[in-house]
>>> print(open('upload.cif').read())   # mmCIF, C-alpha atoms and all ligand atoms
data_start
#
loop_
_atom_site.group_PDB
_atom_site.id
_atom_site.type_symbol
_atom_site.label_atom_id
_atom_site.label_comp_id
_atom_site.auth_asym_id
_atom_site.auth_seq_id
_atom_site.Cartn_x
_atom_site.Cartn_y
_atom_site.Cartn_z
ATOM 1 C CA MET A 858 0.000 0.000 0.000
ATOM 2 C CA SER A 859 1.453 3.331 -0.998
ATOM 3 C CA ASP A 860 -1.012 5.644 0.751
ATOM 4 C CA GLY A 861 0.971 5.692 4.023
ATOM 5 C CA PHE A 862 -1.540 3.505 5.845
ATOM 6 C CA SER A 863 -0.049 1.325 8.561
ATOM 7 C CA LEU A 864 -1.453 -0.873 11.292
ATOM 8 C CA GLY A 865 0.152 -0.789 14.737
ATOM 9 C CA ILE A 866 0.004 -3.931 16.842
ATOM 10 C CA PHE A 867 0.499 -3.152 20.525
ATOM 11 C CA TYR A 868 1.604 -6.382 22.162
ATOM 12 C CA THR A 869 3.282 -7.952 25.177
ATOM 13 C CA ILE A 870 4.596 -11.195 23.718
ATOM 14 C CA VAL A 871 4.338 -12.770 20.299
ATOM 15 C CA ARG A 872 1.974 -15.708 20.846
ATOM 16 C CA PRO A 873 0.549 -17.865 18.034
ATOM 17 C CA GLU A 874 -2.270 -15.282 17.841
ATOM 18 C CA GLU A 875 0.124 -12.404 17.140
ATOM 19 C CA LYS A 876 2.010 -14.507 14.587
ATOM 20 C CA ALA A 877 -1.279 -15.222 12.828
ATOM 21 C CA LEU A 878 -2.157 -11.510 12.914
ATOM 22 C CA PHE A 879 1.213 -10.478 11.431
ATOM 23 C CA ALA A 880 0.780 -13.111 8.705
ATOM 24 C CA ALA A 881 -2.805 -12.061 7.958
ATOM 25 C CA ALA A 882 -1.713 -8.423 7.579
ATOM 26 C CA GLU A 883 1.212 -9.370 5.377
ATOM 27 C CA ALA A 884 -1.021 -11.538 3.174
ATOM 28 C CA ARG A 885 -3.207 -8.459 2.620
ATOM 29 C CA GLY A 886 -0.276 -6.158 1.896
ATOM 30 C CA ILE A 887 -0.848 -4.089 5.028
ATOM 31 C CA PRO A 888 2.299 -2.638 6.634
ATOM 32 C CA VAL A 889 2.492 -3.536 10.336
ATOM 33 C CA GLU A 890 4.322 -1.667 13.068
ATOM 34 C CA ARG A 891 5.066 -3.780 16.124
ATOM 35 C CA ILE A 892 4.750 -1.762 19.328
ATOM 36 C CA ASP A 893 6.151 -3.499 22.419
ATOM 37 C CA ASP A 894 4.045 -2.566 25.470
ATOM 38 C CA GLY A 895 7.085 -2.874 27.740
ATOM 39 C CA GLU A 896 9.315 -0.503 25.755
ATOM 40 C CA THR A 897 7.078 2.263 24.459
ATOM 41 C CA THR A 898 6.814 5.675 26.103
ATOM 42 C CA PHE A 899 3.975 8.159 25.665
ATOM 43 C CA GLY A 900 4.494 11.923 25.863
ATOM 44 C CA LEU A 901 1.792 14.558 25.983
ATOM 45 C CA ASP A 902 2.621 15.913 22.532
ATOM 46 C CA ARG A 903 1.641 14.011 19.439
ATOM 47 C CA PRO A 904 4.661 12.112 18.074
ATOM 48 C CA ALA A 905 5.689 12.887 14.488
ATOM 49 C CA HIS A 906 5.191 9.312 13.417
ATOM 50 C CA LEU A 907 2.166 7.209 14.315
ATOM 51 C CA PRO A 908 0.352 4.255 12.765
ATOM 52 C CA SER A 909 -3.079 4.849 11.216
ATOM 53 C CA VAL A 910 -4.801 2.532 13.678
ATOM 54 C CA VAL A 911 -3.671 0.387 16.625
ATOM 55 C CA LEU A 912 -4.798 -3.135 17.400
ATOM 56 C CA ASN A 913 -4.387 -3.727 21.127
ATOM 57 C CA ARG A 914 -2.999 -7.176 21.976
ATOM 58 C CA SER A 915 -1.410 -6.372 25.345
ATOM 59 C CA VAL A 916 -2.067 -9.031 27.978
ATOM 60 C CA SER A 917 -2.082 -6.373 30.708
ATOM 61 C CA HIS A 918 -5.347 -4.614 31.513
ATOM 62 C CA THR A 919 -3.506 -1.627 32.984
ATOM 63 C CA ARG A 920 -1.249 -1.238 29.950
ATOM 64 C CA SER A 921 -4.256 -1.661 27.622
ATOM 65 C CA LEU A 922 -6.197 1.013 29.476
ATOM 66 C CA TYR A 923 -3.496 3.663 29.404
ATOM 67 C CA ALA A 924 -2.137 2.864 25.945
ATOM 68 C CA THR A 925 -5.543 3.079 24.262
ATOM 69 C CA ARG A 926 -6.147 6.397 26.075
ATOM 70 C CA CYS A 927 -2.772 7.728 24.897
ATOM 71 C CA PHE A 928 -3.378 6.702 21.293
ATOM 72 C CA ALA A 929 -6.826 8.322 21.464
ATOM 73 C CA HIS A 930 -5.103 11.472 22.789
ATOM 74 C CA TYR A 931 -2.938 11.474 19.632
ATOM 75 C CA GLY A 932 -6.020 10.996 17.467
ATOM 76 C CA VAL A 933 -5.232 7.383 16.563
ATOM 77 C CA PRO A 934 -8.216 5.006 16.728
ATOM 78 C CA THR A 935 -7.701 1.734 18.584
ATOM 79 C CA VAL A 936 -9.360 -1.663 18.470
ATOM 80 C CA ASN A 937 -10.820 -1.954 20.927
ATOM 81 C CA ALA A 938 -11.706 1.612 21.874
ATOM 82 C CA PRO A 939 -10.516 2.776 25.328
ATOM 83 C CA GLU A 940 -14.057 2.794 26.759
ATOM 84 C CA VAL A 941 -14.563 -0.811 25.662
ATOM 85 C CA VAL A 942 -11.250 -1.933 27.179
ATOM 86 C CA GLU A 943 -12.166 -0.197 30.426
ATOM 87 C CA VAL A 944 -15.524 -1.904 30.848
ATOM 88 C CA ALA A 945 -14.897 -5.333 29.343
ATOM 89 C CA GLY A 946 -11.508 -5.686 31.057
ATOM 90 C CA ASP A 947 -13.118 -5.345 34.477
ATOM 91 C CA LYS A 948 -15.616 -7.948 35.647
ATOM 92 C CA ILE A 949 -17.379 -5.539 37.999
ATOM 93 C CA LEU A 950 -17.944 -2.886 35.328
ATOM 94 C CA SER A 951 -18.930 -5.629 32.862
ATOM 95 C CA SER A 952 -21.552 -7.095 35.196
ATOM 96 C CA LEU A 953 -23.064 -3.671 35.790
ATOM 97 C CA ARG A 954 -23.179 -3.003 32.053
ATOM 98 C CA LEU A 955 -24.704 -6.392 31.174
ATOM 99 C CA ALA A 956 -27.383 -5.906 33.830
ATOM 100 C CA GLU A 957 -28.086 -2.357 32.609
ATOM 101 C CA ARG A 958 -28.594 -3.674 29.072
ATOM 102 C CA GLY A 959 -30.801 -6.558 30.144
ATOM 103 C CA VAL A 960 -28.315 -9.235 29.036
ATOM 104 C CA PRO A 961 -28.774 -12.360 31.180
ATOM 105 C CA THR A 962 -25.797 -12.717 33.541
ATOM 106 C CA PRO A 963 -25.279 -14.695 36.760
ATOM 107 C CA ARG A 964 -26.362 -13.139 40.056
ATOM 108 C CA THR A 965 -23.398 -11.145 41.382
ATOM 109 C CA VAL A 966 -22.591 -9.212 44.573
ATOM 110 C CA ILE A 967 -19.565 -6.951 45.079
ATOM 111 C CA ALA A 968 -17.898 -6.176 48.404
ATOM 112 C CA LEU A 969 -15.302 -3.447 48.815
ATOM 113 C CA SER A 970 -13.849 -4.501 52.151
ATOM 114 C CA PRO A 971 -12.944 -7.756 53.862
ATOM 115 C CA GLU A 972 -15.678 -6.995 56.412
ATOM 116 C CA ALA A 973 -18.353 -6.854 53.724
ATOM 117 C CA ALA A 974 -16.987 -9.873 51.850
ATOM 118 C CA MET A 975 -18.553 -12.513 54.072
ATOM 119 C CA ARG A 976 -21.896 -10.724 53.819
ATOM 120 C CA ALA A 977 -21.642 -10.722 50.020
ATOM 121 C CA ILE A 978 -20.956 -14.462 49.980
ATOM 122 C CA GLU A 979 -23.874 -15.165 52.322
ATOM 123 C CA GLN A 980 -26.134 -13.049 50.081
ATOM 124 C CA ILE A 981 -25.197 -15.192 47.088
ATOM 125 C CA GLY A 982 -25.415 -18.465 49.018
ATOM 126 C CA TYR A 983 -23.467 -21.684 48.432
ATOM 127 C CA PRO A 984 -21.778 -22.729 46.286
ATOM 128 C CA ALA A 985 -20.431 -19.285 45.405
ATOM 129 C CA VAL A 986 -17.692 -18.310 42.962
ATOM 130 C CA LEU A 987 -15.065 -15.697 43.850
ATOM 131 C CA LYS A 988 -13.216 -14.008 41.006
ATOM 132 C CA PRO A 989 -10.591 -11.277 40.757
ATOM 133 C CA ALA A 990 -12.225 -8.200 39.165
ATOM 134 C CA VAL A 991 -9.408 -8.130 36.618
ATOM 135 C CA GLY A 992 -7.916 -11.361 35.362
ATOM 136 C CA SER A 993 -8.152 -14.187 32.902
ATOM 137 C CA TRP A 994 -7.363 -17.861 32.235
ATOM 138 C CA GLY A 995 -9.531 -18.747 35.245
ATOM 139 C CA ARG A 996 -6.693 -17.670 37.527
ATOM 140 C CA LEU A 997 -7.224 -17.043 41.241
ATOM 141 C CA MET A 998 -10.877 -17.973 41.085
ATOM 142 C CA ALA A 999 -12.412 -20.048 43.863
ATOM 143 C CA LYS A 1000 -15.545 -22.125 44.225
ATOM 144 C CA VAL A 1001 -16.705 -21.871 47.810
ATOM 145 C CA ASP A 1002 -19.010 -24.582 49.151
ATOM 146 C CA ASP A 1003 -19.657 -23.462 52.724
ATOM 147 C CA ALA A 1004 -18.990 -20.748 55.306
ATOM 148 C CA GLU A 1005 -15.889 -22.470 56.627
ATOM 149 C CA GLU A 1006 -14.310 -22.495 53.175
ATOM 150 C CA ALA A 1007 -15.398 -18.890 52.588
ATOM 151 C CA GLU A 1008 -13.664 -17.730 55.774
ATOM 152 C CA GLN A 1009 -10.460 -19.521 54.816
ATOM 153 C CA ILE A 1010 -10.366 -17.996 51.319
ATOM 154 C CA LEU A 1011 -11.129 -14.530 52.693
ATOM 155 C CA GLU A 1012 -8.332 -14.911 55.252
ATOM 156 C CA HIS A 1013 -5.927 -15.670 52.418
ATOM 157 C CA LYS A 1014 -7.210 -12.725 50.395
ATOM 158 C CA ALA A 1015 -6.834 -10.393 53.383
ATOM 159 C CA ALA A 1016 -3.200 -11.460 53.706
ATOM 160 C CA LEU A 1017 -2.509 -10.398 50.119
ATOM 161 C CA THR A 1018 -1.708 -6.712 49.912
ATOM 162 C CA SER A 1019 -2.578 -6.236 46.236
ATOM 163 C CA PRO A 1020 -5.592 -3.937 45.717
ATOM 164 C CA LEU A 1021 -6.882 -6.604 43.315
ATOM 165 C CA HIS A 1022 -7.685 -8.818 46.298
ATOM 166 C CA SER A 1023 -9.320 -6.189 48.494
ATOM 167 C CA VAL A 1024 -12.304 -6.031 46.138
ATOM 168 C CA ILE A 1025 -14.457 -9.137 46.347
ATOM 169 C CA TYR A 1026 -16.541 -10.207 43.365
ATOM 170 C CA VAL A 1027 -18.953 -12.975 44.254
ATOM 171 C CA GLN A 1028 -21.158 -14.821 41.812
ATOM 172 C CA GLU A 1029 -23.721 -17.564 42.089
ATOM 173 C CA TYR A 1030 -22.292 -20.914 40.998
ATOM 174 C CA VAL A 1031 -24.129 -21.822 37.813
ATOM 175 C CA ARG A 1032 -24.880 -25.532 37.433
ATOM 176 C CA LYS A 1033 -23.811 -25.774 33.833
ATOM 177 C CA PRO A 1034 -22.994 -28.992 31.976
ATOM 178 C CA ASP A 1035 -19.292 -29.933 31.815
ATOM 179 C CA ARG A 1036 -18.745 -27.162 29.252
ATOM 180 C CA ASP A 1037 -19.303 -23.514 28.456
ATOM 181 C CA LEU A 1038 -19.458 -21.505 25.235
ATOM 182 C CA ARG A 1039 -17.007 -19.080 23.681
ATOM 183 C CA VAL A 1040 -18.311 -16.863 20.881
ATOM 184 C CA PHE A 1041 -16.003 -14.592 18.902
ATOM 185 C CA VAL A 1042 -17.621 -11.365 17.741
ATOM 186 C CA VAL A 1043 -16.041 -8.993 15.219
ATOM 187 C CA GLY A 1044 -18.139 -5.881 14.646
ATOM 188 C CA ASP A 1045 -21.670 -7.097 13.976
ATOM 189 C CA GLU A 1046 -20.582 -10.577 12.934
ATOM 190 C CA VAL A 1047 -20.227 -13.821 14.898
ATOM 191 C CA VAL A 1048 -17.024 -15.278 13.448
ATOM 192 C CA ALA A 1049 -16.989 -18.596 15.297
ATOM 193 C CA ALA A 1050 -18.280 -20.385 18.383
ATOM 194 C CA MET A 1051 -16.984 -23.318 20.360
ATOM 195 C CA TYR A 1052 -17.741 -25.465 23.361
ATOM 196 C CA ARG A 1053 -15.007 -25.772 25.975
ATOM 197 C CA ARG A 1054 -15.330 -29.004 27.896
ATOM 198 C CA SER A 1055 -13.512 -29.893 31.088
ATOM 199 C CA ALA A 1056 -13.713 -32.016 34.223
ATOM 200 C CA ASP A 1057 -12.661 -28.835 36.074
ATOM 201 C CA TRP A 1058 -15.519 -26.369 36.716
ATOM 202 C CA ARG A 1059 -13.302 -23.729 35.093
ATOM 203 C CA THR A 1060 -13.490 -24.579 31.415
ATOM 204 C CA ASN A 1061 -10.846 -22.150 30.105
ATOM 205 C CA ALA A 1062 -8.933 -23.387 27.066
ATOM 206 C CA ALA A 1063 -5.800 -22.097 28.817
ATOM 207 C CA ARG A 1064 -6.511 -24.647 31.609
ATOM 208 C CA GLY A 1065 -6.603 -27.485 29.097
ATOM 209 C CA ALA A 1066 -10.306 -27.758 28.293
ATOM 210 C CA SER A 1067 -11.050 -29.689 25.118
ATOM 211 C CA THR A 1068 -12.688 -27.693 22.381
ATOM 212 C CA GLU A 1069 -15.200 -28.420 19.655
ATOM 213 C CA PRO A 1070 -17.180 -26.191 17.290
ATOM 214 C CA ALA A 1071 -20.590 -25.098 18.551
ATOM 215 C CA PRO A 1072 -23.568 -24.433 16.285
ATOM 216 C CA VAL A 1073 -24.395 -20.735 16.129
ATOM 217 C CA THR A 1074 -28.090 -20.786 16.877
ATOM 218 C CA ASP A 1075 -30.182 -17.635 16.466
ATOM 219 C CA GLU A 1076 -30.376 -17.358 20.263
ATOM 220 C CA LEU A 1077 -26.600 -17.674 20.676
ATOM 221 C CA ARG A 1078 -25.907 -15.142 17.929
ATOM 222 C CA GLU A 1079 -28.426 -12.625 19.193
ATOM 223 C CA LEU A 1080 -27.250 -12.844 22.799
ATOM 224 C CA SER A 1081 -23.551 -12.668 21.891
ATOM 225 C CA LEU A 1082 -24.071 -9.628 19.673
ATOM 226 C CA ARG A 1083 -26.083 -7.939 22.435
ATOM 227 C CA ALA A 1084 -23.347 -8.667 24.980
ATOM 228 C CA ALA A 1085 -20.667 -7.277 22.638
ATOM 229 C CA ALA A 1086 -22.780 -4.208 21.873
ATOM 230 C CA ALA A 1087 -23.313 -3.643 25.601
ATOM 231 C CA MET A 1088 -19.535 -3.277 25.989
ATOM 232 C CA GLY A 1089 -19.438 -0.725 23.173
ATOM 233 C CA GLY A 1090 -18.712 -3.096 20.288
ATOM 234 C CA GLY A 1091 -15.549 -4.085 18.447
ATOM 235 C CA ILE A 1092 -13.647 -7.344 18.748
ATOM 236 C CA LEU A 1093 -15.006 -9.219 21.736
ATOM 237 C CA ALA A 1094 -15.060 -12.843 22.868
ATOM 238 C CA VAL A 1095 -18.258 -13.608 24.741
ATOM 239 C CA ASP A 1096 -18.260 -16.377 27.365
ATOM 240 C CA LEU A 1097 -21.633 -17.975 28.059
ATOM 241 C CA MET A 1098 -22.944 -20.804 30.194
ATOM 242 C CA GLU A 1099 -25.908 -23.063 29.642
ATOM 243 C CA ALA A 1100 -27.719 -22.384 32.912
ATOM 244 C CA PRO A 1101 -30.763 -24.472 33.832
ATOM 245 C CA ASP A 1102 -33.004 -21.563 32.781
ATOM 246 C CA GLY A 1103 -31.162 -20.644 29.567
ATOM 247 C CA LEU A 1104 -27.989 -19.028 28.276
ATOM 248 C CA THR A 1105 -26.219 -16.581 30.560
ATOM 249 C CA VAL A 1106 -23.205 -14.354 29.801
ATOM 250 C CA HIS A 1107 -20.483 -14.433 32.451
ATOM 251 C CA GLU A 1108 -17.694 -12.575 30.690
ATOM 252 C CA VAL A 1109 -16.855 -10.498 27.602
ATOM 253 C CA ASN A 1110 -13.139 -10.441 26.777
ATOM 254 C CA PRO A 1111 -11.695 -7.329 25.081
ATOM 255 C CA THR A 1112 -8.315 -8.827 24.000
ATOM 256 C CA PRO A 1113 -9.070 -12.498 23.454
ATOM 257 C CA GLU A 1114 -6.750 -15.302 22.556
ATOM 258 C CA PHE A 1115 -8.094 -17.338 19.632
ATOM 259 C CA LYS A 1116 -5.676 -20.143 18.856
ATOM 260 C CA ALA A 1117 -7.973 -22.792 20.345
ATOM 261 C CA LEU A 1118 -11.048 -21.316 18.656
ATOM 262 C CA ALA A 1119 -9.413 -21.097 15.214
ATOM 263 C CA GLY A 1120 -8.108 -24.642 15.650
ATOM 264 C CA ALA A 1121 -11.491 -26.040 16.679
ATOM 265 C CA THR A 1122 -13.577 -24.264 14.042
ATOM 266 C CA GLY A 1123 -11.199 -23.582 11.144
ATOM 267 C CA ALA A 1124 -12.395 -19.963 11.128
ATOM 268 C CA ASP A 1125 -9.963 -17.345 9.830
ATOM 269 C CA VAL A 1126 -10.126 -15.325 13.040
ATOM 270 C CA ALA A 1127 -6.856 -13.443 12.419
ATOM 271 C CA GLY A 1128 -8.027 -12.416 8.935
ATOM 272 C CA LYS A 1129 -11.318 -11.075 10.297
ATOM 273 C CA VAL A 1130 -9.538 -9.177 13.071
ATOM 274 C CA ILE A 1131 -7.114 -7.538 10.636
ATOM 275 C CA GLU A 1132 -9.836 -6.621 8.145
ATOM 276 C CA TYR A 1133 -12.009 -5.100 10.869
ATOM 277 C CA THR A 1134 -9.089 -3.106 12.303
ATOM 278 C CA VAL A 1135 -8.105 -1.773 8.880
ATOM 279 C CA ALA A 1136 -11.711 -0.707 8.290
ATOM 280 C CA VAL A 1137 -11.683 1.198 11.607
ATOM 281 C CA GLY A 1138 -8.412 2.878 10.589
ATOM 282 C CA ARG A 1139 -9.847 3.975 7.254
ATOM 283 C CA ARG A 1140 -13.121 5.339 8.687
HETATM 284 N N1 LIG B 1 -20.644 -18.321 38.050
HETATM 285 C C1 LIG B 1 -20.065 -19.407 37.547
HETATM 286 N N2 LIG B 1 -20.587 -20.651 37.753
HETATM 287 C C2 LIG B 1 -19.993 -21.760 37.246
HETATM 288 N N3 LIG B 1 -18.870 -21.733 36.515
HETATM 289 C C3 LIG B 1 -18.297 -20.516 36.265
HETATM 290 C C4 LIG B 1 -18.873 -19.327 36.762
HETATM 291 N N4 LIG B 1 -18.121 -18.284 36.359
HETATM 292 C C5 LIG B 1 -17.117 -18.810 35.640
HETATM 293 N N5 LIG B 1 -17.216 -20.160 35.568
HETATM 294 C C6 LIG B 1 -16.276 -21.058 34.871
HETATM 295 O O1 LIG B 1 -14.971 -20.532 35.042
HETATM 296 C C7 LIG B 1 -14.411 -20.133 33.776
HETATM 297 C C8 LIG B 1 -13.623 -18.839 33.914
HETATM 298 O O2 LIG B 1 -14.491 -17.807 34.339
HETATM 299 P P1 LIG B 1 -14.487 -16.358 33.666
HETATM 300 O O3 LIG B 1 -15.476 -15.526 34.381
HETATM 301 O O4 LIG B 1 -14.667 -16.495 32.191
HETATM 302 O O5 LIG B 1 -13.041 -15.793 34.021
HETATM 303 P P2 LIG B 1 -11.691 -15.688 33.168
HETATM 304 O O6 LIG B 1 -11.564 -14.244 32.861
HETATM 305 O O7 LIG B 1 -10.610 -16.134 34.082
HETATM 306 O O8 LIG B 1 -11.843 -16.526 31.933
HETATM 307 C C9 LIG B 1 -15.608 -20.024 32.849
HETATM 308 O O9 LIG B 1 -15.229 -20.255 31.519
HETATM 309 C C10 LIG B 1 -16.551 -21.093 33.387
HETATM 310 O O10 LIG B 1 -16.222 -22.384 32.909
HETATM 311 MG MG MG B 2 -13.410 -16.354 30.510
#
>>> encode(input="upload.cif", output="structure tokens", more="lines below")
Ligand SMILES: Nc1ncnc2c1ncn2[C@@H]1O[C@H](COP(=O)(O)OP(=O)(O)O)[C@@H](O)[C@H]1O
Ligand SMILES: [Mg+2]
Amino acid sequence: MSDGFSLGIFYTIVRPEEKALFAAAEARGIPVERIDDGETTFGLDRPAHLPSVVLNRSVSHTRSLYATRCFAHYGVPTVNAPEVVEVAGDKILSSLRLAERGVPTPRTVIALSPEAAMRAIEQIGYPAVLKPAVGSWGRLMAKVDDAEEAEQILEHKAALTSPLHSVIYVQEYVRKPDRDLRVFVVGDEVVAAMYRRSADWRTNAARGASTEPAPVTDELRELSLRAAAAMGGGILAVDLMEAPDGLTVHEVNPTPEFKALAGATGADVAGKVIEYTVAVGRR
């Protein structure tokens, strides 16, 4: 391309996803600028040279938040937009947003102090699920079956000094089958969907769940698109569970991995992501 268009990819490490994204851009003749999230600095004045659009692939929520804000400050659009990163990257803000938009989501109670935490758990009842407000790969989540277990987990959390653990996010434990659903949304399109099956109640692909393509029913498509739109739209991976009373959305990921999904479904996820990002850059 000779019109000076270039696509920045803001990343932490080059995973198979980033390799696929670089390859998809190259195959389309789109110049890519790799921007390492651990090396870049951001001043208040607009730098002389900037890409036309930035695809955020940082694995850090904090880095994603500030970087997308800085690029917006320079007038460079990002995928996803800063407001989307902010809400979807935080489970508390996401739950509020899903509830506001009438998207079915598990019952959730938030406590802002260790004192209130036990009350939040008792309000949800047992079993309850505790999650860090910011995090992924099912890390540091706990399924709590009774008050004794709850007190032990809260004691451990209180001993951790990170602010991440002083906020308690409690959710009802949803009696799903041995699987959940992952739906990849790009703009107004559902690109692919898969089941993630595991003996562990946490069915993350990163924890070794087995994956298989899932049929995209009208209900699944409609709900996933509504969940993505609730976050502000863009490239979003919607996590859903088959609750006894129907589908429920428990998470919407703003910077999703997709190796397992592309492998299970054969969908050209990287190609769709690049094409969408280029379209945003040319708007
Ligand atoms: N409320 C819940 N009830 C039952 N299982 C849950 C619940 N919330 C999450 N899970 C399981 O744990 C996994 C990880 O939870 P999730 O909220 O998606 O966090 P992460 O950001 O770590 O992926 C889900 O894919 C699902 O299998
Ligand atoms: Mg998840």
>>> closest_residue(input="upload.cif", among="A:Gly1128, A:Pro1034, A:Gly992, A:Pro934", to="ligand MG 2 (chain B)", atoms="all atoms listed in the file")
A:Gly992
>>> closest_atom_pairs(input="upload.cif", of="chain A", to="ligand LIG 1 (chain B)", cutoff="9 Å", atoms="only C-alpha atoms and all ligand atoms", output="JSON lines")
{"residue": "A:Gly946", "atom": "CA", "partner": "B:LIG1", "partner_atom": "O6", "distance": 8.7}
{"residue": "A:Lys948", "atom": "CA", "partner": "B:LIG1", "partner_atom": "O3", "distance": 7.7}
{"residue": "A:Thr962", "atom": "CA", "partner": "B:LIG1", "partner_atom": "N1", "distance": 8.8}
{"residue": "A:Pro963", "atom": "CA", "partner": "B:LIG1", "partner_atom": "N1", "distance": 6.0}
{"residue": "A:Arg964", "atom": "CA", "partner": "B:LIG1", "partner_atom": "N1", "distance": 8.0}
{"residue": "A:Thr965", "atom": "CA", "partner": "B:LIG1", "partner_atom": "N1", "distance": 8.4}
{"residue": "A:Pro984", "atom": "CA", "partner": "B:LIG1", "partner_atom": "N2", "distance": 8.9}
{"residue": "A:Ala985", "atom": "CA", "partner": "B:LIG1", "partner_atom": "N1", "distance": 7.4}
{"residue": "A:Val986", "atom": "CA", "partner": "B:LIG1", "partner_atom": "N1", "distance": 5.7}
{"residue": "A:Leu987", "atom": "CA", "partner": "B:LIG1", "partner_atom": "N1", "distance": 8.5}
{"residue": "A:Lys988", "atom": "CA", "partner": "B:LIG1", "partner_atom": "O3", "distance": 7.2}
{"residue": "A:Pro989", "atom": "CA", "partner": "B:LIG1", "partner_atom": "O7", "distance": 8.3}
{"residue": "A:Ala990", "atom": "CA", "partner": "B:LIG1", "partner_atom": "O6", "distance": 8.8}
{"residue": "A:Val991", "atom": "CA", "partner": "B:LIG1", "partner_atom": "O6", "distance": 7.5}
{"residue": "A:Gly992", "atom": "CA", "partner": "B:LIG1", "partner_atom": "O6", "distance": 5.3}
{"residue": "A:Ser993", "atom": "CA", "partner": "B:LIG1", "partner_atom": "O7", "distance": 3.4}
{"residue": "A:Trp994", "atom": "CA", "partner": "B:LIG1", "partner_atom": "O7", "distance": 4.1}
{"residue": "A:Gly995", "atom": "CA", "partner": "B:LIG1", "partner_atom": "O7", "distance": 3.1}
{"residue": "A:Arg996", "atom": "CA", "partner": "B:LIG1", "partner_atom": "O7", "distance": 5.4}
{"residue": "A:Leu997", "atom": "CA", "partner": "B:LIG1", "partner_atom": "O7", "distance": 8.0}
{"residue": "A:Met998", "atom": "CA", "partner": "B:LIG1", "partner_atom": "O7", "distance": 7.2}
{"residue": "A:Lys1000", "atom": "CA", "partner": "B:LIG1", "partner_atom": "C2", "distance": 8.3}
{"residue": "A:Val1027", "atom": "CA", "partner": "B:LIG1", "partner_atom": "N1", "distance": 8.4}
{"residue": "A:Gln1028", "atom": "CA", "partner": "B:LIG1", "partner_atom": "N1", "distance": 5.2}
{"residue": "A:Glu1029", "atom": "CA", "partner": "B:LIG1", "partner_atom": "N1", "distance": 5.1}
{"residue": "A:Tyr1030", "atom": "CA", "partner": "B:LIG1", "partner_atom": "N2", "distance": 3.7}
{"residue": "A:Val1031", "atom": "CA", "partner": "B:LIG1", "partner_atom": "N2", "distance": 3.7}
{"residue": "A:Arg1032", "atom": "CA", "partner": "B:LIG1", "partner_atom": "C2", "distance": 6.2}
{"residue": "A:Lys1033", "atom": "CA", "partner": "B:LIG1", "partner_atom": "C2", "distance": 6.5}
{"residue": "A:Asp1035", "atom": "CA", "partner": "B:LIG1", "partner_atom": "O10", "distance": 8.2}
{"residue": "A:Arg1036", "atom": "CA", "partner": "B:LIG1", "partner_atom": "O10", "distance": 6.5}
{"residue": "A:Asp1037", "atom": "CA", "partner": "B:LIG1", "partner_atom": "O10", "distance": 5.5}
{"residue": "A:Leu1038", "atom": "CA", "partner": "B:LIG1", "partner_atom": "O9", "distance": 7.7}
{"residue": "A:Arg1039", "atom": "CA", "partner": "B:LIG1", "partner_atom": "O9", "distance": 8.1}
{"residue": "A:Arg1053", "atom": "CA", "partner": "B:LIG1", "partner_atom": "O10", "distance": 7.8}
{"residue": "A:Arg1054", "atom": "CA", "partner": "B:LIG1", "partner_atom": "O10", "distance": 8.4}
{"residue": "A:Ser1055", "atom": "CA", "partner": "B:LIG1", "partner_atom": "O10", "distance": 8.2}
{"residue": "A:Asp1057", "atom": "CA", "partner": "B:LIG1", "partner_atom": "O10", "distance": 8.0}
{"residue": "A:Trp1058", "atom": "CA", "partner": "B:LIG1", "partner_atom": "O10", "distance": 5.6}
{"residue": "A:Arg1059", "atom": "CA", "partner": "B:LIG1", "partner_atom": "O1", "distance": 3.6}
{"residue": "A:Thr1060", "atom": "CA", "partner": "B:LIG1", "partner_atom": "O10", "distance": 3.8}
{"residue": "A:Asn1061", "atom": "CA", "partner": "B:LIG1", "partner_atom": "O9", "distance": 5.0}
{"residue": "A:Ala1062", "atom": "CA", "partner": "B:LIG1", "partner_atom": "O9", "distance": 8.3}
{"residue": "A:Ala1063", "atom": "CA", "partner": "B:LIG1", "partner_atom": "O8", "distance": 8.8}
{"residue": "A:Val1095", "atom": "CA", "partner": "B:LIG1", "partner_atom": "O4", "distance": 8.8}
{"residue": "A:Asp1096", "atom": "CA", "partner": "B:LIG1", "partner_atom": "O4", "distance": 6.0}
{"residue": "A:Leu1097", "atom": "CA", "partner": "B:LIG1", "partner_atom": "O9", "distance": 7.6}
{"residue": "A:Met1098", "atom": "CA", "partner": "B:LIG1", "partner_atom": "C10", "distance": 7.2}
{"residue": "A:Ala1100", "atom": "CA", "partner": "B:LIG1", "partner_atom": "N2", "distance": 8.8}
{"residue": "A:His1107", "atom": "CA", "partner": "B:LIG1", "partner_atom": "O3", "distance": 5.5}
{"residue": "A:Glu1108", "atom": "CA", "partner": "B:LIG1", "partner_atom": "O4", "distance": 5.2}
{"residue": "A:Val1109", "atom": "CA", "partner": "B:LIG1", "partner_atom": "O4", "distance": 7.9}
{"residue": "A:Asn1110", "atom": "CA", "partner": "B:LIG1", "partner_atom": "O6", "distance": 7.3}
>>> residues_around(input="upload.cif", residues="stretch 907-920 of chain A", least_positions_apart="4", cutoff="9 Å", atoms="all atoms listed in the file", output="PyMOL selection string")
chain A and resi 861-870+875+889-890+893-895+903+924-925+928+931+933-937+942-943+946-947+991-992+1112-1114+1130-1131+1134-1135+1137-1139
>>> atom_distance(input="upload.cif", atom1="atom CA of A:Phe1041", atom2="atom CA of A:Ile1092")
7.6 Å
>>> residues_around(input="upload.cif", residues="A:Leu955", least_positions_apart="2", cutoff="12 Å", atoms="all atoms listed in the file", output="PyMOL selection string")
chain A and resi 944-945+948-953+957-965+1080-1089+1095+1105-1109
>>> closest_residue(input="upload.cif", among="A:Ala877, A:Met1051, A:Thr1068, A:Arg872", to="A:Asp1125", atoms="all atoms listed in the file")
A:Ala877
